[in-house]
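Visitor: So that you have it, the file is upload.cif, and it contains mmCIF, C-alpha atoms and all ligand atoms:
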```
data_protein
loop_
_atom_site.label_atom_id
_atom_site.label_comp_id
_atom_site.auth_asym_id
_atom_site.auth_seq_id
_atom_site.Cartn_x
_atom_site.Cartn_y
_atom_site.Cartn_z
CA MET A 20 0.00 0.00 0.00
CA GLY A 21 1.34 3.42 -0.93
CA ARG A 22 2.38 5.82 1.80
CA ILE A 23 0.23 8.96 1.81
CA ILE A 24 2.07 12.16 2.76
CA ALA A 25 0.42 15.58 3.11
CA ILE A 26 2.58 18.67 2.61
CA ALA A 27 0.92 21.21 4.89
CA ASN A 28 1.34 24.58 6.56
CA GLN A 29 -1.45 27.16 6.61
CA LYS A 30 1.06 29.89 5.83
CA GLY A 31 1.35 30.74 2.15
CA GLY A 32 4.67 30.98 0.34
CA VAL A 33 6.65 28.61 2.59
CA GLY A 34 7.46 26.10 -0.17
CA LYS A 35 4.59 23.59 0.05
CA THR A 36 4.00 23.40 -3.69
CA THR A 37 7.69 23.53 -4.59
CA THR A 38 8.26 20.65 -2.19
CA SER A 39 5.22 18.65 -3.36
CA VAL A 40 6.26 18.88 -7.01
CA ASN A 41 9.96 18.27 -6.53
CA LEU A 42 9.77 15.63 -3.81
CA SER A 43 7.24 13.73 -5.97
CA ALA A 44 9.42 14.00 -9.06
CA CYS A 45 12.57 12.93 -7.17
CA LEU A 46 10.79 9.93 -5.64
CA ALA A 47 9.69 8.98 -9.17
CA TYR A 48 13.23 9.53 -10.46
CA LEU A 49 14.41 7.06 -7.81
CA GLY A 50 12.06 4.48 -9.28
CA LYS A 51 9.05 4.86 -6.99
CA LYS A 52 5.53 5.01 -8.41
CA VAL A 53 4.14 8.36 -7.30
CA LEU A 54 0.75 10.05 -7.40
CA LEU A 55 0.77 13.81 -6.75
CA VAL A 56 -2.61 15.10 -5.57
CA ASP A 57 -3.22 18.82 -6.02
CA ILE A 58 -5.81 19.97 -3.50
CA ASP A 59 -5.08 23.72 -3.68
CA PRO A 60 -7.57 25.73 -5.81
CA GLN A 61 -4.64 27.72 -7.18
CA GLY A 62 -3.54 24.55 -8.97
CA ASN A 63 0.15 25.44 -8.88
CA ALA A 64 1.28 21.84 -8.40
CA SER A 65 -0.69 20.91 -11.52
CA SER A 66 0.95 23.55 -13.68
CA GLY A 67 4.28 22.78 -12.01
CA VAL A 68 4.29 19.32 -13.57
CA GLY A 69 3.11 20.61 -16.94
CA VAL A 70 -0.67 20.19 -16.75
CA ASN A 71 -2.46 22.60 -19.06
CA LYS A 72 -5.57 23.50 -17.05
CA GLY A 73 -7.62 24.12 -20.19
CA ASP A 74 -7.24 20.42 -21.01
CA VAL A 75 -8.51 19.19 -17.62
CA ASN A 76 -12.01 17.71 -17.80
CA GLN A 77 -12.34 16.44 -14.27
CA CYS A 78 -10.27 17.37 -11.26
CA ILE A 79 -10.06 16.77 -7.53
CA TYR A 80 -13.18 18.92 -7.10
CA ASP A 81 -15.27 16.33 -8.94
CA VAL A 82 -13.81 13.58 -6.76
CA LEU A 83 -14.61 15.40 -3.50
CA ILE A 84 -18.00 16.82 -4.39
CA ASP A 85 -19.49 14.65 -7.14
CA ASP A 86 -18.07 11.22 -6.20
CA VAL A 87 -16.18 10.90 -9.50
CA SER A 88 -13.65 8.06 -9.30
CA VAL A 89 -10.14 9.36 -8.67
CA LYS A 90 -8.99 7.00 -11.42
CA ASP A 91 -10.92 9.09 -13.96
CA THR A 92 -8.96 12.22 -13.04
CA ILE A 93 -5.39 10.88 -13.08
CA LEU A 94 -3.06 12.30 -15.73
CA GLU A 95 0.43 11.25 -16.74
CA THR A 96 3.29 13.76 -16.58
CA LYS A 97 6.61 14.24 -18.37
CA VAL A 98 8.26 12.43 -15.48
CA GLU A 99 8.19 8.66 -15.76
CA ASN A 100 6.39 7.06 -12.78
CA LEU A 101 4.78 10.38 -11.77
CA HIS A 102 1.02 10.81 -12.16
CA ILE A 103 -1.15 13.69 -10.98
CA VAL A 104 -4.71 14.35 -9.86
CA PRO A 105 -5.02 18.00 -10.96
CA ALA A 106 -6.88 20.89 -9.36
CA THR A 107 -8.60 23.72 -11.15
CA ILE A 108 -10.16 26.92 -9.87
CA SER A 109 -13.50 25.08 -9.50
CA LEU A 110 -12.02 23.70 -6.29
CA ALA A 111 -12.33 27.17 -4.74
CA GLY A 112 -16.00 26.45 -4.06
CA ALA A 113 -15.36 23.08 -2.47
CA GLU A 114 -14.37 24.42 0.94
CA ILE A 115 -17.90 25.81 1.36
CA GLU A 116 -19.73 23.02 -0.48
CA LEU A 117 -18.08 20.36 1.68
CA VAL A 118 -19.51 21.88 4.86
CA SER A 119 -22.95 20.42 4.20
CA THR A 120 -21.92 17.04 2.77
CA ILE A 121 -21.98 13.68 4.54
CA SER A 122 -18.64 12.48 5.91
CA ARG A 123 -17.09 15.72 4.78
CA GLU A 124 -13.71 15.10 6.46
CA VAL A 125 -13.09 11.61 5.03
CA ARG A 126 -13.94 12.13 1.36
CA LEU A 127 -10.35 12.28 0.15
CA LYS A 128 -9.33 9.31 2.28
CA LYS A 129 -12.12 7.20 0.77
CA ALA A 130 -11.33 8.35 -2.75
CA LEU A 131 -7.62 7.52 -2.44
CA GLN A 132 -8.27 4.02 -1.08
CA GLU A 133 -9.20 3.06 -4.63
CA VAL A 134 -5.69 3.77 -5.97
CA GLN A 135 -3.46 3.42 -2.91
CA ALA A 136 -2.25 -0.04 -3.95
CA ASP A 137 -1.13 1.26 -7.36
CA TYR A 138 1.49 3.66 -5.94
CA ASP A 139 4.47 3.66 -3.58
CA PHE A 140 3.80 7.26 -2.54
CA ILE A 141 0.83 9.60 -2.72
CA ILE A 142 1.86 13.22 -2.08
CA ILE A 143 -0.83 15.82 -1.32
CA ASP A 144 -0.16 19.53 -1.91
CA CYS A 145 -2.37 21.35 0.63
CA PRO A 146 -3.80 24.88 0.33
CA PRO A 147 -2.63 27.68 2.66
CA SER A 148 -5.43 27.25 5.22
CA LEU A 149 -6.61 24.85 7.91
CA GLY A 150 -10.05 24.42 6.33
CA LEU A 151 -11.77 21.26 5.17
CA LEU A 152 -9.42 20.65 2.23
CA THR A 153 -6.44 20.47 4.57
CA ILE A 154 -8.45 18.45 7.13
CA ASN A 155 -9.33 15.98 4.35
CA SER A 156 -5.63 15.71 3.51
CA LEU A 157 -4.55 15.14 7.13
CA THR A 158 -7.32 12.57 7.55
CA ALA A 159 -6.18 10.68 4.45
CA ALA A 160 -2.47 10.86 5.25
CA ASP A 161 -0.13 8.47 7.01
CA ALA A 162 2.24 11.35 7.65
CA ILE A 163 2.68 15.08 7.24
CA ILE A 164 5.67 17.09 6.05
CA ILE A 165 5.73 20.65 7.38
CA PRO A 166 7.76 23.08 5.27
CA VAL A 167 9.07 26.00 7.31
CA GLN A 168 10.61 28.98 5.59
CA CYS A 169 13.90 30.22 7.02
CA GLU A 170 12.69 33.72 7.86
CA PHE A 171 12.06 35.82 10.94
CA TYR A 172 8.53 34.62 11.69
CA ALA A 173 9.35 30.99 10.90
CA LEU A 174 7.66 29.45 13.95
CA GLU A 175 4.64 31.75 13.89
CA GLY A 176 1.43 29.86 13.25
CA LEU A 177 2.99 26.46 13.85
CA SER A 178 1.25 26.01 17.22
CA GLN A 179 -2.08 26.37 15.43
CA LEU A 180 -1.02 23.76 12.87
CA LEU A 181 0.16 21.41 15.64
CA SER A 182 -3.13 21.71 17.52
CA THR A 183 -5.01 20.95 14.29
CA ILE A 184 -2.82 17.86 13.85
CA ARG A 185 -3.66 16.78 17.42
CA LEU A 186 -7.39 17.27 16.80
CA VAL A 187 -7.20 15.17 13.64
CA GLN A 188 -5.27 12.48 15.52
CA LYS A 189 -7.90 12.45 18.26
CA HIS A 190 -11.02 12.39 16.13
CA LEU A 191 -10.25 11.34 12.56
CA ASN A 192 -6.88 9.69 12.07
CA LYS A 193 -5.16 8.16 15.11
CA THR A 194 -2.07 7.09 13.18
CA LEU A 195 -1.22 10.44 11.54
CA ALA A 196 2.49 11.07 12.17
CA ILE A 197 4.78 14.02 11.55
CA ASP A 198 7.29 12.62 9.05
CA GLY A 199 9.39 15.71 9.36
CA VAL A 200 9.83 19.47 9.37
CA LEU A 201 11.53 20.78 6.25
CA LEU A 202 13.54 24.00 6.32
CA THR A 203 13.12 25.85 3.03
CA MET A 204 14.57 28.86 1.21
CA PHE A 205 17.68 28.85 3.35
CA ASP A 206 20.13 31.61 2.53
CA ALA A 207 23.59 30.75 3.86
CA ARG A 208 24.73 34.36 3.51
CA THR A 209 22.54 35.59 6.37
CA ASN A 210 22.87 34.99 10.10
CA LEU A 211 19.10 34.98 10.31
CA GLY A 212 18.84 31.74 8.36
CA ILE A 213 21.25 30.02 10.74
CA GLN A 214 19.37 31.35 13.77
CA VAL A 215 16.09 30.05 12.38
CA ILE A 216 17.58 26.60 11.83
CA GLU A 217 18.74 26.49 15.45
CA GLU A 218 15.38 27.67 16.72
CA VAL A 219 13.41 25.14 14.66
CA LYS A 220 15.77 22.32 15.69
CA LYS A 221 15.37 23.27 19.34
CA TYR A 222 11.62 23.01 18.97
CA PHE A 223 11.26 19.97 16.70
CA GLN A 224 14.58 18.19 17.50
CA ASP A 225 15.09 15.02 15.48
CA LYS A 226 11.93 15.69 13.46
CA VAL A 227 13.86 18.19 11.31
CA TYR A 228 15.13 16.73 8.02
CA LYS A 229 18.88 16.78 7.48
CA SER A 230 18.22 18.06 3.97
CA ILE A 231 17.78 21.83 4.08
CA ILE A 232 16.40 23.41 0.91
CA PRO A 233 18.50 26.40 -0.18
CA ARG A 234 17.12 29.47 -1.85
CA ASN A 235 17.82 28.55 -5.46
CA VAL A 236 16.70 30.59 -8.44
CA ARG A 237 16.39 27.50 -10.65
CA LEU A 238 13.71 26.17 -8.28
CA SER A 239 11.66 29.32 -8.78
CA GLU A 240 12.09 29.28 -12.57
CA ALA A 241 11.16 25.64 -13.12
CA PRO A 242 7.35 26.00 -12.63
CA SER A 243 7.01 28.45 -15.52
CA HIS A 244 8.42 25.71 -17.75
CA GLY A 245 6.02 23.14 -16.31
CA GLU A 246 8.95 21.02 -15.22
CA PRO A 247 10.13 19.71 -11.85
CA ILE A 248 13.73 20.69 -11.08
CA ILE A 249 15.03 17.18 -11.77
CA ILE A 250 14.11 17.72 -15.44
CA TYR A 251 14.53 21.48 -15.72
CA ASP A 252 18.04 21.56 -14.23
CA PRO A 253 19.14 18.22 -12.77
CA LYS A 254 22.61 19.57 -11.91
CA SER A 255 21.33 22.50 -9.84
CA ARG A 256 21.73 22.64 -6.08
CA GLY A 257 17.93 22.59 -5.77
CA ALA A 258 17.73 19.28 -7.62
CA GLU A 259 20.52 17.77 -5.52
CA VAL A 260 18.89 18.65 -2.22
CA TYR A 261 15.37 17.56 -3.20
CA LEU A 262 16.92 14.25 -4.25
CA GLU A 263 18.54 13.96 -0.81
CA LEU A 264 15.19 14.74 0.79
CA ALA A 265 13.51 12.01 -1.28
CA LYS A 266 16.06 9.51 0.01
CA GLU A 267 15.40 10.60 3.60
CA VAL A 268 11.66 10.19 3.09
CA ILE A 269 12.18 6.71 1.61
CA ARG A 270 14.33 5.74 4.60
CA HIS A 271 11.55 6.82 6.98
CA GLY A 272 9.41 4.31 5.01
P1 LIG A 301 3.42 27.58 -0.99
O1 LIG A 301 2.93 26.45 -1.81
O2 LIG A 301 3.71 27.22 0.44
O3 LIG A 301 2.54 28.79 -1.08
P2 LIG A 301 5.49 27.84 -3.00
O4 LIG A 301 6.13 26.52 -3.09
O5 LIG A 301 4.50 28.19 -4.05
O6 LIG A 301 4.86 28.03 -1.56
O7 LIG A 301 6.66 28.91 -2.96
C1 LIG A 301 6.39 30.31 -2.91
C2 LIG A 301 7.30 31.03 -3.91
O8 LIG A 301 8.65 30.86 -3.55
C3 LIG A 301 7.17 30.51 -5.32
O9 LIG A 301 7.29 31.57 -6.21
C4 LIG A 301 8.34 29.56 -5.47
O10 LIG A 301 8.80 29.45 -6.80
C5 LIG A 301 9.38 30.22 -4.58
N1 LIG A 301 10.27 29.24 -3.96
C6 LIG A 301 9.90 28.16 -3.22
N2 LIG A 301 10.98 27.49 -2.77
C7 LIG A 301 12.07 28.15 -3.25
C8 LIG A 301 13.49 27.97 -3.13
N3 LIG A 301 14.00 26.96 -2.42
N4 LIG A 301 14.30 28.85 -3.75
C9 LIG A 301 13.78 29.88 -4.46
N5 LIG A 301 12.48 30.11 -4.61
C10 LIG A 301 11.61 29.27 -4.02
MG MG A 302 1.12 26.17 -2.81
#
```
In structure tokens, write the structure found in this file.
Guide:
Amino acid sequence: MGRIIAIANQKGGVGKTTTSVNLSACLAYLGKKVLLVDIDPQGNASSGVGVNKGDVNQCIYDVLIDDVSVKDTILETKVENLHIVPATISLAGAEIELVSTISREVRLKKALQEVQADYDFIIIDCPPSLGLLTINSLTAADAIIIPVQCEFYALEGLSQLLSTIRLVQKHLNKTLAIDGVLLTMFDARTNLGIQVIEEVKKYFQDKVYKSIIPRNVRLSEAPSHGEPIIIYDPKSRGAEVYLELAKEVIRHG
């Protein structure tokens, strides 16, 4: 059965989508069968792996709201072994529509059960909120990866995320684990970045991944080409470190 990992943090711009796309692609590059699930209405993970949204007939919205089989939404990508369930802007309405549906928190979990045996990893790119789309992701997941940006307010908001995780563990998903905390956009030229690393390590201890994602311009360029870094620039520092991260995640198995 594939391991389901949600990439979550209610803060925007911390590297959730960059991590979802590039961790998925690196796992696939290492020979794992991977399904990337885009559950953010902005659909950046979808375009990040080259999905042209105009060509999408059915997306994760139809799975969550209209009981469409997840199998009918899966698309192949340029990366061998990497498939995606795309999101389109229609998903923006789902947060509100879900409120009045039966078993609203477990819809994604149920949908993914149908394909879980077909993949080694299922990676979910969460939206920047703690609403029902993120709750669905945490309920479906075996583990969560929390990207934390190396900036001054790095730890701000994390207590809210941690209490949401505890609520999900108590009521919806007893076995949800924190796979790790991922430091992102590290700039070695500033003292601040180093201070943040120390602070986050003090708080999360051995939960912090050894791989620390540097600020790397190639990582920010790759999405506009619809390519994960491992294709766009496999020799870049960004590609190297996301590959290291993928190996760490596999070891956590
Ligand atoms: P989130 O999904 O948490 O909102 P993103 O992954 O979309 O965050 O990242 C926010 C912005 O920062 C994007 O423009 C992305 O290209 C850029 N970015 C993310 N990680 C890096 C990095 N390691 N180096 C440089 N730019 C990055
Ligand atoms: Mg995002």
Visitor: Please produce, as CSV, a per-residue contact table for range 153-266 of chain A versus range 126-131 of chain A (criterion: any atom at most 12 Å away, only C-alpha atoms considered), showing the nearest atom pair and its distance in Å to one decimal, sorted by chain then residue number.
Guide:
```
residue,atom,partner,partner_atom,distance
A:Thr153,CA,A:Leu127,CA,10.1
A:Ile154,CA,A:Leu127,CA,9.5
A:Asn155,CA,A:Leu127,CA,5.7
A:Ser156,CA,A:Leu127,CA,6.7
A:Leu157,CA,A:Lys128,CA,9.0
A:Thr158,CA,A:Lys128,CA,6.5
A:Ala159,CA,A:Lys128,CA,4.1
A:Ala160,CA,A:Lys128,CA,7.6
A:Asp161,CA,A:Lys128,CA,10.4
A:Leu191,CA,A:Lys128,CA,10.5
A:Asn192,CA,A:Lys128,CA,10.1
```
Visitor: Please tell me which residues are no farther than 12 Å from (15.8, 13.8, 1.3) in the file, counting only C-alpha atoms, and write them as a count of residues only.
Guide: 34
Visitor: Compare A:Val104, A:Val187, A:Leu94, A:Ile143 by their minimum atom-to-atom distance to ligand MG 302 (chain A), counting all atoms listed in the file, and give me the closest one.
Guide: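 When distances to ligand MG 302 (chain A) are compared using all atoms listed in the file, the smallest one comes from A:Ile143.
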Visitor: Of the residues A:Met204, A:Ala111, A:Ile58, A:Ile248, which is the one nearest to ligand MG 302 (chain A), using all atoms listed in the file?
Guide: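 The answer is A:Ile58, which sits nearest to ligand MG 302 (chain A).
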Visitor: For CA of Tyr80 in chain A and CA of His190 in chain A, determine how far apart the two atoms are, in Å to one decimal place.
Guide: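 That distance, rounded to one decimal, is 24.2 Å.
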Visitor: CA of Ser148 in chain A to CA of Ala27 in chain A: how many Å, to one decimal?
Guide: 8.8 Å
Visitor: From the options A:Pro147, A:Gln29, A:Gln132, A:Val82, which residue's atoms come nearest to ligand MG 302 (chain A), counting all atoms listed in the file?
Guide: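 Using all atoms listed in the file, the shortest distance to ligand MG 302 (chain A) belongs to A:Pro147.
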Visitor: Could you list, as a PyMOL selection string, all the residues within 7 Å of ligand LIG 301 (chain A), counting all atoms listed in the file?
Guide: chain A and resi 30-38+147+203-204+232-236+238-240+242+257
Visitor: Between A:Ala173, A:Ile115, A:Cys145, A:Ile84, which has the minimum distance to ligand MG 302 (chain A) (counting only C-alpha atoms and all ligand atoms)?
Guide: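 Checking each of A:Ala173, A:Ile115, A:Cys145, A:Ile84 against ligand MG 302 (chain A), counting only C-alpha atoms and all ligand atoms, the winner is A:Cys145.
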